[in-house]
$ cat upload_4.cif   # mmCIF, C-alpha atoms, pLDDT in the B column; chains and numbers go by the auth columns
data_data
#
loop_
_atom_site.group_PDB
_atom_site.id
_atom_site.type_symbol
_atom_site.label_atom_id
_atom_site.label_comp_id
_atom_site.label_asym_id
_atom_site.label_seq_id
_atom_site.Cartn_x
_atom_site.Cartn_y
_atom_site.Cartn_z
_atom_site.B_iso_or_equiv
_atom_site.auth_seq_id
_atom_site.auth_asym_id
ATOM 1 C CA MET A 1 -32.703 11.459 8.867 53.00 1189 A
ATOM 2 C CA SER A 2 -35.041 9.065 7.151 52.00 1190 A
ATOM 3 C CA ASP A 3 -34.640 5.303 7.333 67.00 1191 A
ATOM 4 C CA ASP A 4 -36.464 4.426 4.165 86.00 1192 A
ATOM 5 C CA LYS A 5 -34.598 6.355 1.476 95.00 1193 A
ATOM 6 C CA ILE A 6 -31.048 7.261 0.650 97.00 1194 A
ATOM 7 C CA THR A 7 -29.462 9.807 -1.642 98.00 1195 A
ATOM 8 C CA ILE A 8 -26.009 9.112 -2.995 98.00 1196 A
ATOM 9 C CA THR A 9 -23.678 10.783 -5.475 98.00 1197 A
ATOM 10 C CA VAL A 10 -22.333 8.705 -8.371 98.00 1198 A
ATOM 11 C CA LEU A 11 -19.174 9.890 -10.153 98.00 1199 A
ATOM 12 C CA TYR A 12 -18.309 8.881 -13.714 98.00 1200 A
ATOM 13 C CA PHE A 13 -14.796 9.135 -15.127 98.00 1201 A
ATOM 14 C CA ALA A 14 -13.157 8.605 -18.517 98.00 1202 A
ATOM 15 C CA SER A 15 -15.100 6.037 -20.603 97.00 1203 A
ATOM 16 C CA ALA A 16 -17.901 5.950 -18.001 98.00 1204 A
ATOM 17 C CA CYS A 17 -18.279 9.711 -18.353 98.00 1205 A
ATOM 18 C CA ASP A 18 -18.451 9.350 -22.148 97.00 1206 A
ATOM 19 C CA ALA A 19 -20.989 6.516 -21.853 97.00 1207 A
ATOM 20 C CA THR A 20 -23.368 8.423 -19.590 98.00 1208 A
ATOM 21 C CA GLY A 21 -22.689 11.947 -20.794 98.00 1209 A
ATOM 22 C CA LEU A 22 -22.394 12.827 -17.100 98.00 1210 A
ATOM 23 C CA SER A 23 -19.512 13.468 -14.747 98.00 1211 A
ATOM 24 C CA SER A 24 -21.767 12.905 -11.752 98.00 1212 A
ATOM 25 C CA GLU A 25 -25.374 12.500 -10.702 98.00 1213 A
ATOM 26 C CA SER A 26 -27.304 12.434 -7.474 98.00 1214 A
ATOM 27 C CA LEU A 27 -29.590 9.415 -7.099 98.00 1215 A
ATOM 28 C CA THR A 28 -32.251 8.675 -4.512 98.00 1216 A
ATOM 29 C CA PHE A 29 -33.472 5.168 -3.794 97.00 1217 A
ATOM 30 C CA PRO A 30 -36.488 4.221 -1.646 96.00 1218 A
ATOM 31 C CA LEU A 31 -34.293 1.909 0.425 95.00 1219 A
ATOM 32 C CA PRO A 32 -32.455 2.251 3.735 94.00 1220 A
ATOM 33 C CA GLN A 33 -29.230 1.132 2.032 96.00 1221 A
ATOM 34 C CA ILE A 34 -28.118 -0.432 -1.233 97.00 1222 A
ATOM 35 C CA ARG A 35 -25.462 -2.983 -2.048 98.00 1223 A
ATOM 36 C CA ILE A 36 -22.961 -2.207 -4.828 98.00 1224 A
ATOM 37 C CA ASN A 37 -24.178 -5.050 -7.051 97.00 1225 A
ATOM 38 C CA GLU A 38 -27.767 -3.797 -6.711 98.00 1226 A
ATOM 39 C CA LEU A 39 -26.624 -0.289 -7.566 98.00 1227 A
ATOM 40 C CA GLU A 40 -24.717 -1.689 -10.534 98.00 1228 A
ATOM 41 C CA ASP A 41 -27.916 -3.260 -11.903 97.00 1229 A
ATOM 42 C CA LYS A 42 -29.803 0.005 -11.452 98.00 1230 A
ATOM 43 C CA LEU A 43 -27.079 1.970 -13.232 98.00 1231 A
ATOM 44 C CA LYS A 44 -27.107 -0.521 -16.116 98.00 1232 A
ATOM 45 C CA ALA A 45 -30.869 -0.082 -16.441 97.00 1233 A
ATOM 46 C CA ARG A 46 -30.484 3.687 -16.281 97.00 1234 A
ATOM 47 C CA HIS A 47 -27.615 4.050 -18.775 98.00 1235 A
ATOM 48 C CA GLU A 48 -27.761 1.667 -21.740 97.00 1236 A
ATOM 49 C CA LYS A 49 -24.156 2.365 -22.730 96.00 1237 A
ATOM 50 C CA LEU A 50 -22.822 1.465 -19.256 97.00 1238 A
ATOM 51 C CA LYS A 51 -24.035 -2.142 -19.534 95.00 1239 A
ATOM 52 C CA SER A 52 -20.883 -3.867 -20.757 94.00 1240 A
ATOM 53 C CA LEU A 53 -18.489 -1.276 -19.364 96.00 1241 A
ATOM 54 C CA LEU A 54 -19.606 -1.730 -15.732 97.00 1242 A
ATOM 55 C CA ASP A 55 -18.596 -5.395 -15.851 95.00 1243 A
ATOM 56 C CA VAL A 56 -14.928 -4.374 -15.973 95.00 1244 A
ATOM 57 C CA CYS A 57 -15.145 -1.327 -13.711 96.00 1245 A
ATOM 58 C CA MET A 58 -14.132 -1.088 -10.089 97.00 1246 A
ATOM 59 C CA PHE A 59 -16.280 0.768 -7.593 98.00 1247 A
ATOM 60 C CA ALA A 60 -14.940 3.129 -4.956 98.00 1248 A
ATOM 61 C CA VAL A 61 -16.998 4.433 -2.060 98.00 1249 A
ATOM 62 C CA ASN A 62 -15.777 7.614 -0.385 98.00 1250 A
ATOM 63 C CA MET A 63 -12.431 7.239 -2.217 98.00 1251 A
ATOM 64 C CA GLU A 64 -11.745 3.623 -1.192 97.00 1252 A
ATOM 65 C CA TYR A 65 -12.039 0.652 -3.557 97.00 1253 A
ATOM 66 C CA CYS A 66 -14.750 -1.769 -2.490 97.00 1254 A
ATOM 67 C CA GLU A 67 -16.128 -5.149 -3.498 96.00 1255 A
ATOM 68 C CA ARG A 68 -19.561 -5.744 -5.040 96.00 1256 A
ATOM 69 C CA ASP A 69 -21.058 -6.779 -1.685 97.00 1257 A
ATOM 70 C CA TYR A 70 -20.203 -3.459 -0.010 98.00 1258 A
ATOM 71 C CA ILE A 71 -23.241 -1.650 1.380 98.00 1259 A
ATOM 72 C CA VAL A 72 -23.731 1.979 0.360 98.00 1260 A
ATOM 73 C CA LYS A 73 -25.396 4.331 2.810 97.00 1261 A
ATOM 74 C CA GLU A 74 -26.984 7.776 2.844 97.00 1262 A
ATOM 75 C CA GLY A 75 -24.654 10.495 1.596 98.00 1263 A
ATOM 76 C CA ASP A 76 -21.958 8.171 0.240 98.00 1264 A
ATOM 77 C CA GLU A 77 -19.953 9.151 -2.825 98.00 1265 A
ATOM 78 C CA VAL A 78 -19.731 6.216 -5.219 98.00 1266 A
ATOM 79 C CA ALA A 79 -17.203 6.414 -8.066 98.00 1267 A
ATOM 80 C CA ILE A 80 -17.231 4.223 -11.145 98.00 1268 A
ATOM 81 C CA ILE A 81 -13.582 3.475 -11.924 97.00 1269 A
ATOM 82 C CA PRO A 82 -12.962 2.137 -15.456 98.00 1270 A
ATOM 83 C CA PRO A 83 -9.657 0.277 -15.983 97.00 1271 A
ATOM 84 C CA VAL A 84 -6.975 2.860 -15.223 97.00 1272 A
ATOM 85 C CA SER A 85 -4.284 4.105 -17.590 97.00 1273 A
ATOM 86 C CA GLY A 86 -2.059 6.412 -15.603 97.00 1274 A
ATOM 87 C CA GLY A 87 1.656 6.501 -16.002 96.00 1275 A
ATOM 88 C CA MET B 1 15.286 19.111 10.034 46.00 177 B
ATOM 89 C CA THR B 2 12.668 16.617 11.093 48.00 178 B
ATOM 90 C CA ASP B 3 9.720 18.906 10.363 52.00 179 B
ATOM 91 C CA SER B 4 10.370 19.426 6.644 66.00 180 B
ATOM 92 C CA PRO B 5 8.013 17.413 4.408 75.00 181 B
ATOM 93 C CA VAL B 6 9.432 14.113 3.193 86.00 182 B
ATOM 94 C CA ASP B 7 6.734 12.997 0.741 95.00 183 B
ATOM 95 C CA PHE B 8 5.517 14.973 -2.242 98.00 184 B
ATOM 96 C CA VAL B 9 2.454 13.984 -4.256 98.00 185 B
ATOM 97 C CA ASN B 10 1.142 16.238 -6.959 98.00 186 B
ATOM 98 C CA LEU B 11 -1.216 16.070 -9.922 98.00 187 B
ATOM 99 C CA THR B 12 -0.660 19.083 -12.105 98.00 188 B
ATOM 100 C CA THR B 13 -1.420 20.491 -15.535 98.00 189 B
ATOM 101 C CA ASP B 14 2.028 22.126 -15.589 98.00 190 B
ATOM 102 C CA PRO B 15 4.969 20.512 -17.418 98.00 191 B
ATOM 103 C CA LEU B 16 7.071 18.283 -15.138 98.00 192 B
ATOM 104 C CA ASP B 17 10.659 19.269 -14.422 98.00 193 B
ATOM 105 C CA LEU B 18 12.845 16.310 -13.429 98.00 194 B
ATOM 106 C CA GLN B 19 15.503 18.414 -11.723 98.00 195 B
ATOM 107 C CA GLU B 20 12.906 20.193 -9.601 98.00 196 B
ATOM 108 C CA ILE B 21 11.556 16.836 -8.393 98.00 197 B
ATOM 109 C CA VAL B 22 15.044 15.412 -7.781 98.00 198 B
ATOM 110 C CA ASP B 23 15.741 18.482 -5.654 98.00 199 B
ATOM 111 C CA LEU B 24 12.630 17.753 -3.567 98.00 200 B
ATOM 112 C CA VAL B 25 13.918 14.323 -2.529 98.00 201 B
ATOM 113 C CA LYS B 26 17.581 15.305 -2.210 98.00 202 B
ATOM 114 C CA ASP B 27 18.877 14.815 1.311 97.00 203 B
ATOM 115 C CA ASN B 28 22.340 14.953 2.822 97.00 204 B
ATOM 116 C CA GLY B 29 21.662 11.681 4.629 96.00 205 B
ATOM 117 C CA ALA B 30 20.682 9.859 1.425 97.00 206 B
ATOM 118 C CA GLY B 31 23.370 8.466 -0.849 97.00 207 B
ATOM 119 C CA ALA B 32 20.992 7.426 -3.611 98.00 208 B
ATOM 120 C CA ILE B 33 18.239 9.024 -5.652 98.00 209 B
ATOM 121 C CA SER B 34 16.415 6.895 -8.224 98.00 210 B
ATOM 122 C CA THR B 35 13.897 8.343 -10.636 98.00 211 B
ATOM 123 C CA PHE B 36 11.457 7.059 -13.233 98.00 212 B
ATOM 124 C CA SER B 37 10.131 9.295 -16.009 98.00 213 B
ATOM 125 C CA GLY B 38 7.230 8.166 -18.156 97.00 214 B
ATOM 126 C CA THR B 39 6.899 9.950 -21.467 96.00 215 B
ATOM 127 C CA THR B 40 4.099 10.016 -23.996 93.00 216 B
ATOM 128 C CA ARG B 41 4.643 7.911 -27.129 89.00 217 B
ATOM 129 C CA ASN B 42 3.805 8.985 -30.648 92.00 218 B
ATOM 130 C CA THR B 43 2.375 5.714 -31.966 88.00 219 B
ATOM 131 C CA PHE B 44 0.022 2.962 -30.879 84.00 220 B
ATOM 132 C CA ASP B 45 -0.594 -0.104 -33.083 83.00 221 B
ATOM 133 C CA GLY B 46 0.901 1.749 -36.022 86.00 222 B
ATOM 134 C CA LYS B 47 -1.485 4.671 -35.562 90.00 223 B
ATOM 135 C CA THR B 48 -0.073 8.126 -35.088 93.00 224 B
ATOM 136 C CA VAL B 49 -0.963 9.685 -31.761 94.00 225 B
ATOM 137 C CA ILE B 50 -1.569 13.396 -32.162 90.00 226 B
ATOM 138 C CA GLN B 51 -2.160 14.274 -28.547 89.00 227 B
ATOM 139 C CA LEU B 52 -2.870 12.723 -25.145 94.00 228 B
ATOM 140 C CA ASP B 53 -5.237 13.820 -22.427 97.00 229 B
ATOM 141 C CA TYR B 54 -5.050 12.703 -18.821 98.00 230 B
ATOM 142 C CA GLU B 55 -7.827 12.963 -16.281 98.00 231 B
ATOM 143 C CA ALA B 56 -7.994 11.812 -12.678 98.00 232 B
ATOM 144 C CA TYR B 57 -10.330 11.324 -9.770 98.00 233 B
ATOM 145 C CA THR B 58 -7.964 13.770 -8.152 98.00 234 B
ATOM 146 C CA PRO B 59 -8.723 13.540 -4.418 98.00 235 B
ATOM 147 C CA MET B 60 -8.734 9.730 -4.525 98.00 236 B
ATOM 148 C CA ALA B 61 -5.606 9.596 -6.695 98.00 237 B
ATOM 149 C CA VAL B 62 -3.707 11.867 -4.289 98.00 238 B
ATOM 150 C CA LYS B 63 -4.906 9.804 -1.324 98.00 239 B
ATOM 151 C CA GLN B 64 -3.882 6.555 -3.007 97.00 240 B
ATOM 152 C CA LEU B 65 -0.484 7.806 -4.111 98.00 241 B
ATOM 153 C CA SER B 66 0.203 9.000 -0.571 98.00 242 B
ATOM 154 C CA SER B 67 -0.832 5.633 0.795 97.00 243 B
ATOM 155 C CA LEU B 68 1.408 3.830 -1.743 98.00 244 B
ATOM 156 C CA ILE B 69 4.343 5.796 -0.359 98.00 245 B
ATOM 157 C CA VAL B 70 3.330 4.752 3.159 97.00 246 B
ATOM 158 C CA THR B 71 3.320 1.118 1.984 97.00 247 B
ATOM 159 C CA ALA B 72 6.705 1.563 0.294 98.00 248 B
ATOM 160 C CA ARG B 73 8.056 3.021 3.538 97.00 249 B
ATOM 161 C CA SER B 74 6.983 -0.150 5.339 97.00 250 B
ATOM 162 C CA LYS B 75 9.055 -2.216 2.873 98.00 251 B
ATOM 163 C CA TRP B 76 12.158 -0.056 2.401 98.00 252 B
ATOM 164 C CA SER B 77 13.928 2.609 4.371 97.00 253 B
ATOM 165 C CA ILE B 78 12.985 5.670 2.316 97.00 254 B
ATOM 166 C CA THR B 79 14.386 9.100 3.108 98.00 255 B
ATOM 167 C CA LYS B 80 12.122 11.128 0.804 98.00 256 B
ATOM 168 C CA ALA B 81 9.704 10.274 -2.002 98.00 257 B
ATOM 169 C CA ALA B 82 7.921 12.245 -4.708 98.00 258 B
ATOM 170 C CA ILE B 83 5.272 11.256 -7.254 98.00 259 B
ATOM 171 C CA TYR B 84 4.197 13.852 -9.812 98.00 260 B
ATOM 172 C CA HIS B 85 1.657 13.086 -12.534 98.00 261 B
ATOM 173 C CA ARG B 86 0.626 15.399 -15.296 98.00 262 B
ATOM 174 C CA LEU B 87 -3.063 15.995 -16.092 98.00 263 B
ATOM 175 C CA GLY B 88 -4.863 17.604 -19.010 98.00 264 B
ATOM 176 C CA THR B 89 -3.387 17.750 -22.484 97.00 265 B
ATOM 177 C CA VAL B 90 0.167 16.416 -22.747 96.00 266 B
ATOM 178 C CA PRO B 91 1.908 16.828 -26.113 94.00 267 B
ATOM 179 C CA VAL B 92 3.660 13.747 -27.548 94.00 268 B
ATOM 180 C CA GLY B 93 7.215 13.325 -26.237 94.00 269 B
ATOM 181 C CA GLU B 94 6.648 15.113 -22.935 96.00 270 B
ATOM 182 C CA THR B 95 6.866 13.626 -19.464 97.00 271 B
ATOM 183 C CA SER B 96 3.559 12.417 -17.996 98.00 272 B
ATOM 184 C CA VAL B 97 4.822 10.975 -14.710 98.00 273 B
ATOM 185 C CA ILE B 98 7.900 11.205 -12.503 98.00 274 B
ATOM 186 C CA VAL B 99 8.628 9.068 -9.447 98.00 275 B
ATOM 187 C CA ALA B 100 11.690 9.920 -7.367 98.00 276 B
ATOM 188 C CA VAL B 101 12.911 8.238 -4.197 98.00 277 B
ATOM 189 C CA SER B 102 15.950 8.923 -2.039 98.00 278 B
ATOM 190 C CA THR B 103 17.421 6.286 0.260 98.00 279 B
ATOM 191 C CA VAL B 104 20.671 5.747 2.124 97.00 280 B
ATOM 192 C CA HIS B 105 21.824 3.006 -0.297 96.00 281 B
ATOM 193 C CA ARG B 106 20.942 2.500 -3.965 97.00 282 B
ATOM 194 C CA GLU B 107 19.259 -0.923 -3.872 98.00 283 B
ATOM 195 C CA GLU B 108 16.301 0.296 -1.846 98.00 284 B
ATOM 196 C CA SER B 109 15.692 3.277 -4.102 98.00 285 B
ATOM 197 C CA PHE B 110 15.581 1.012 -7.214 98.00 286 B
ATOM 198 C CA ARG B 111 13.060 -1.309 -5.570 98.00 287 B
ATOM 199 C CA ALA B 112 10.882 1.474 -4.185 98.00 288 B
ATOM 200 C CA VAL B 113 10.653 3.334 -7.503 98.00 289 B
ATOM 201 C CA GLU B 114 9.713 0.149 -9.347 98.00 290 B
ATOM 202 C CA PHE B 115 7.044 -0.673 -6.759 98.00 291 B
ATOM 203 C CA LEU B 116 5.548 2.834 -6.853 98.00 292 B
ATOM 204 C CA VAL B 117 5.379 2.952 -10.662 98.00 293 B
ATOM 205 C CA ASN B 118 3.861 -0.537 -10.910 97.00 294 B
ATOM 206 C CA GLU B 119 1.226 0.182 -8.260 97.00 295 B
ATOM 207 C CA LEU B 120 0.405 3.558 -9.797 98.00 296 B
ATOM 208 C CA LYS B 121 -0.256 1.896 -13.148 97.00 297 B
ATOM 209 C CA ALA B 122 -2.418 -0.823 -11.581 96.00 298 B
ATOM 210 C CA THR B 123 -4.581 0.988 -9.077 96.00 299 B
ATOM 211 C CA VAL B 124 -4.476 4.787 -9.116 98.00 300 B
ATOM 212 C CA PRO B 125 -7.558 6.395 -10.723 98.00 301 B
ATOM 213 C CA ILE B 126 -5.893 8.263 -13.580 98.00 302 B
ATOM 214 C CA TRP B 127 -6.905 7.795 -17.224 98.00 303 B
ATOM 215 C CA LYS B 128 -5.267 8.580 -20.539 98.00 304 B
ATOM 216 C CA LYS B 129 -7.092 9.312 -23.763 97.00 305 B
ATOM 217 C CA GLU B 130 -5.139 9.021 -26.996 95.00 306 B
ATOM 218 C CA MET B 131 -6.223 11.156 -29.925 93.00 307 B
ATOM 219 C CA TYR B 132 -5.537 9.893 -33.455 93.00 308 B
ATOM 220 C CA SER B 133 -6.248 11.574 -36.758 88.00 309 B
ATOM 221 C CA ASP B 134 -9.415 9.436 -37.010 90.00 310 B
ATOM 222 C CA GLY B 135 -10.721 9.446 -33.454 92.00 311 B
ATOM 223 C CA SER B 136 -9.740 8.826 -29.854 94.00 312 B
ATOM 224 C CA VAL B 137 -9.676 6.017 -27.320 94.00 313 B
ATOM 225 C CA TRP B 138 -9.437 5.693 -23.532 96.00 314 B
ATOM 226 C CA LYS B 139 -6.424 3.507 -22.836 95.00 315 B
ATOM 227 C CA GLU B 140 -6.317 0.673 -20.285 94.00 316 B
ATOM 228 C CA ASN B 141 -3.106 -0.427 -18.594 95.00 317 B
ATOM 229 C CA ALA B 142 -2.522 -4.169 -18.924 92.00 318 B
ATOM 230 C CA GLU B 143 -1.940 -4.307 -15.167 91.00 319 B
ATOM 231 C CA SER B 144 -5.013 -2.278 -14.279 90.00 320 B
ATOM 232 C CA ARG B 145 -7.018 -3.784 -11.448 80.00 321 B
ATOM 233 C CA ARG B 146 -10.422 -4.786 -12.784 75.00 322 B
ATOM 234 C CA CYS B 147 -13.604 -6.246 -11.519 67.00 323 B
ATOM 235 C CA CYS B 148 -13.225 -10.001 -11.279 54.00 324 B
ATOM 236 C CA ARG B 149 -16.827 -10.712 -12.299 48.00 325 B
ATOM 237 C CA SER B 150 -16.828 -13.090 -15.265 38.00 326 B
#

$ encode --input "upload_4.cif" --output "structure tokens"
Amino acid sequence: MSDDKITITVLYFASACDATGLSSESLTFPLPQIRINELEDKLKARHEKLKSLLDVCMFAVNMEYCERDYIVKEGDEVAIIPPVSGG
Amino acid sequence: MTDSPVDFVNLTTDPLDLQEIVDLVKDNGAGAISTFSGTTRNTFDGKTVIQLDYEAYTPMAVKQLSSLIVTARSKWSITKAAIYHRLGTVPVGETSVIVAVSTVHREESFRAVEFLVNELKATVPIWKKEMYSDGSVWKENAESRRCCRS
């Protein structure tokens, strides 16, 4: 287990899936951990079409909603949750 | 029979059968069963909807729906509860969601069903795409929980 890099899985659903053309991707960062708002900035830089969408999305880590100051760690599953429309 | 399951959560591509779900929550100790059925509409803003597609973050949606029932149980005395949501393509006019709750008396079943439907629409990671003759759009529930960043 290395201290200086983490690999996480990012899941994209609905409009986020359309915007990225991906349902998921594995990302590695040369950091021991990353905060959600830092990850958000990196995802915006990585996927042009996510820029405005991410502002209204929720994030969930390991299937629990979290705030933007939540800290993501090695192996976490981070889901981008666009506004929901079930029912 | 204390060991029979009392909560039923399911996301399925199969058509939903109201009677089947009512039967799941039926209990000789419960005098009331309330249900909510959501059906797919054929128009939005004057545009004709040809077809609807639902997708979910399934493991999280199941986990959240189960935890909503736990929360409802802390508020009302629920005998049995079921939440079924359809996924995949749902033709116009068919049922996309059914919530059913049995309780000893009727008032609690009304309240619990309303709570479960409202929370489902606000927080559970399920999405609906409407297809029109000239394109498609991912819908957003007015009550959907969103990021509060301005």

$ closest_atom_pairs --input "upload_4.cif" --of "chain B" --to "chain A" --cutoff "6 Å" --atoms "all atoms listed in the file" --output "Markdown table"
| residue | atom | partner | partner_atom | distance |
| --- | --- | --- | --- | --- |
| B:Met236 | CA | A:Met1251 | CA | 5.0 |
| B:Val273 | CA | A:Gly1275 | CA | 5.6 |
| B:Lys297 | CA | A:Gly1274 | CA | 5.4 |
| B:Pro301 | CA | A:Val1272 | CA | 5.8 |
| B:Ile302 | CA | A:Gly1274 | CA | 4.7 |
| B:Trp303 | CA | A:Ser1273 | CA | 4.5 |
| B:Lys304 | CA | A:Ser1273 | CA | 5.4 |
| B:Lys315 | CA | A:Ser1273 | CA | 5.7 |
| B:Glu316 | CA | A:Ser1273 | CA | 4.8 |
| B:Asn317 | CA | A:Ser1273 | CA | 4.8 |
| B:Ser320 | CA | A:Pro1271 | CA | 5.6 |
| B:Arg322 | CA | A:Val1244 | CA | 5.5 |
| B:Cys323 | CA | A:Val1244 | CA | 5.0 |

$ closest_residue --input "upload_4.cif" --among "B:Arg287, B:Arg249, B:Lys305, B:Lys202" --to "Ala232 of chain B" --atoms "all atoms listed in the file"
B:Lys305

$ resolve_selection --input "upload_4.cif" --expression "the PyMOL selection byres ((chain B and resi 226-231) around 7)" --output "ChimeraX atom specification"
/B:224-225,232,263-268,302-309

$ atom_distance --input "upload_4.cif" --atom1 "atom CA of Pro235 of chain B" --atom2 "atom CA of Thr211 of chain B"
24.0 Å

$ atom_distance --input "upload_4.cif" --atom1 "atom CA of Ala257 of chain B" --atom2 "atom CA of Asp183 of chain B"
4.9 Å

$ resolve_selection --input "upload_4.cif" --expression "the PyMOL selection byres ((chain B and resi 188) around 7)" --output "ChimeraX atom specification"
/B:186-187,189-190,261-263

$ residues_around --input "upload_4.cif" --residues "Glu1226 of chain A" --least-positions-apart "2" --cutoff "12 Å" --atoms "all atoms listed in the file" --output "count of residues only"
17

$ closest_residue --input "upload_4.cif" --among "B:Glu196, B:Asp203, B:Glu270, B:Glu319" --to "Glu295 of chain B" --atoms "all atoms listed in the file"
B:Glu319

$ axis_aligned_box --input "upload_4.cif" --around "segment 242-251 of chain B" --padding-each-side "4 Å" --output "AutoDock Vina command-line options"
--center_x 4.1 --center_y 3.4 --center_z 1.8 --size_x 17.9 --size_y 19.2 --size_z 15.1

$ residues_around --input "upload_4.cif" --residues "Ser285 of chain B" --least-positions-apart "5" --cutoff "8 Å" --atoms "only C-alpha atoms" --output "ChimeraX atom specification"
/B:208-210,254,277-279

$ write_last_selection --input "upload_4.cif" --atoms "C-alpha atoms" --output "PDB file, keeping the file's coordinate frame"
ATOM      1  CA  ALA B 208      20.992   7.426  -3.611  1.00 98.00           C
ATOM      2  CA  ILE B 209      18.239   9.024  -5.652  1.00 98.00           C
ATOM      3  CA  SER B 210      16.415   6.895  -8.224  1.00 98.00           C
ATOM      4  CA  ILE B 254      12.985   5.670   2.316  1.00 97.00           C
ATOM      5  CA  VAL B 277      12.911   8.238  -4.197  1.00 98.00           C
ATOM      6  CA  SER B 278      15.950   8.923  -2.039  1.00 98.00           C
ATOM      7  CA  THR B 279      17.421   6.286   0.260  1.00 98.00           C
TER       8      THR B 279
END

$ atom_distance --input "upload_4.cif" --atom1 "atom CA of Leu296 of chain B" --atom2 "atom CA of Glu1265 of chain A"
22.2 Å

$ resolve_selection --input "upload_4.cif" --expression "the PyMOL selection byres ((chain A and resi 1192-1195) around 6)" --output "ChimeraX atom specification"
/A:1190-1191,1196,1215-1220,1262-1263

$ write_last_selection --input "upload_4.cif" --atoms "C-alpha atoms" --output "PDB file, in the coordinates of the input"
ATOM      1  CA  SER A1190     -35.041   9.065   7.151  1.00 52.00           C
ATOM      2  CA  ASP A1191     -34.640   5.303   7.333  1.00 67.00           C
ATOM      3  CA  ILE A1196     -26.009   9.112  -2.995  1.00 98.00           C
ATOM      4  CA  LEU A1215     -29.590   9.415  -7.099  1.00 98.00           C
ATOM      5  CA  THR A1216     -32.251   8.675  -4.512  1.00 98.00           C
ATOM      6  CA  PHE A1217     -33.472   5.168  -3.794  1.00 97.00           C
ATOM      7  CA  PRO A1218     -36.488   4.221  -1.646  1.00 96.00           C
ATOM      8  CA  LEU A1219     -34.293   1.909   0.425  1.00 95.00           C
ATOM      9  CA  PRO A1220     -32.455   2.251   3.735  1.00 94.00           C
ATOM     10  CA  GLU A1262     -26.984   7.776   2.844  1.00 97.00           C
ATOM     11  CA  GLY A1263     -24.654  10.495   1.596  1.00 98.00           C
TER      12      GLY A1263
END

$ closest_residue --input "upload_4.cif" --among "B:Val293, B:Leu244, B:Ala298, B:Val182" --to "Phe212 of chain B" --atoms "all atoms listed in the file"
B:Val293

$ residues_near_point --input "upload_4.cif" --point "(22.5, 10.3, 7.3)" --cutoff "10 Å" --atoms "all atoms listed in the file" --output "list in words"
Asp203, Asn204, Gly205, Ala206, Gly207, Thr255, Thr279 and Val280 of chain B

$ write_last_selection --input "upload_4.cif" --atoms "C-alpha atoms" --output "CSV table (one decimal), in the frame of the given file"
chain,number,residue,atom,x,y,z
B,203,ASP,CA,18.9,14.8,1.3
B,204,ASN,CA,22.3,15.0,2.8
B,205,GLY,CA,21.7,11.7,4.6
B,206,ALA,CA,20.7,9.9,1.4
B,207,GLY,CA,23.4,8.5,-0.8
B,255,THR,CA,14.4,9.1,3.1
B,279,THR,CA,17.4,6.3,0.3
B,280,VAL,CA,20.7,5.7,2.1

$ decode --input "upload_4.cif" --residues "segment 1213-1249 of chain A" --atoms "C-alpha atoms" --output "compact mmCIF listing (two decimals), in the first residue's frame"
# COMPACT_ATOMS: atom_id res chain seq x y z
CA GLU A 1213 -13.34 5.16 -15.27
CA SER A 1214 -10.46 4.34 -13.00
CA LEU A 1215 -8.31 7.34 -12.07
CA THR A 1216 -4.98 7.50 -10.29
CA PHE A 1217 -3.75 10.63 -8.56
CA PRO A 1218 -0.23 11.21 -7.17
CA LEU A 1219 -1.72 12.15 -3.80
CA PRO A 1220 -2.34 10.27 -0.56
CA GLN A 1221 -5.99 11.36 -0.65
CA ILE A 1222 -8.19 13.82 -2.51
CA ARG A 1223 -11.08 15.98 -1.40
CA ILE A 1224 -14.32 15.89 -3.41
CA ASN A 1225 -14.04 19.53 -4.51
CA GLU A 1226 -10.48 18.89 -5.75
CA LEU A 1227 -11.69 15.82 -7.62
CA GLU A 1228 -14.53 17.88 -9.06
CA ASP A 1229 -12.04 20.39 -10.51
CA LYS A 1230 -9.97 17.58 -12.00
CA LEU A 1231 -13.04 15.99 -13.58
CA LYS A 1232 -14.08 19.34 -15.05
CA ALA A 1233 -10.62 19.73 -16.59
CA ARG A 1234 -10.76 16.17 -17.90
CA HIS A 1235 -14.28 16.28 -19.39
CA GLU A 1236 -15.23 19.59 -21.01
CA LYS A 1237 -18.92 18.70 -21.13
CA LEU A 1238 -19.07 17.97 -17.37
CA LYS A 1239 -18.18 21.57 -16.46
CA SER A 1240 -21.63 23.05 -15.91
CA LEU A 1241 -23.31 19.75 -15.10
CA LEU A 1242 -21.07 18.99 -12.09
CA ASP A 1243 -22.23 22.19 -10.38
CA VAL A 1244 -25.68 20.66 -9.87
CA CYS A 1245 -24.59 17.07 -9.24
CA MET A 1246 -24.34 15.31 -5.91
CA PHE A 1247 -21.40 13.06 -5.14
CA ALA A 1248 -21.69 9.68 -3.45
CA VAL A 1249 -18.73 7.76 -2.07
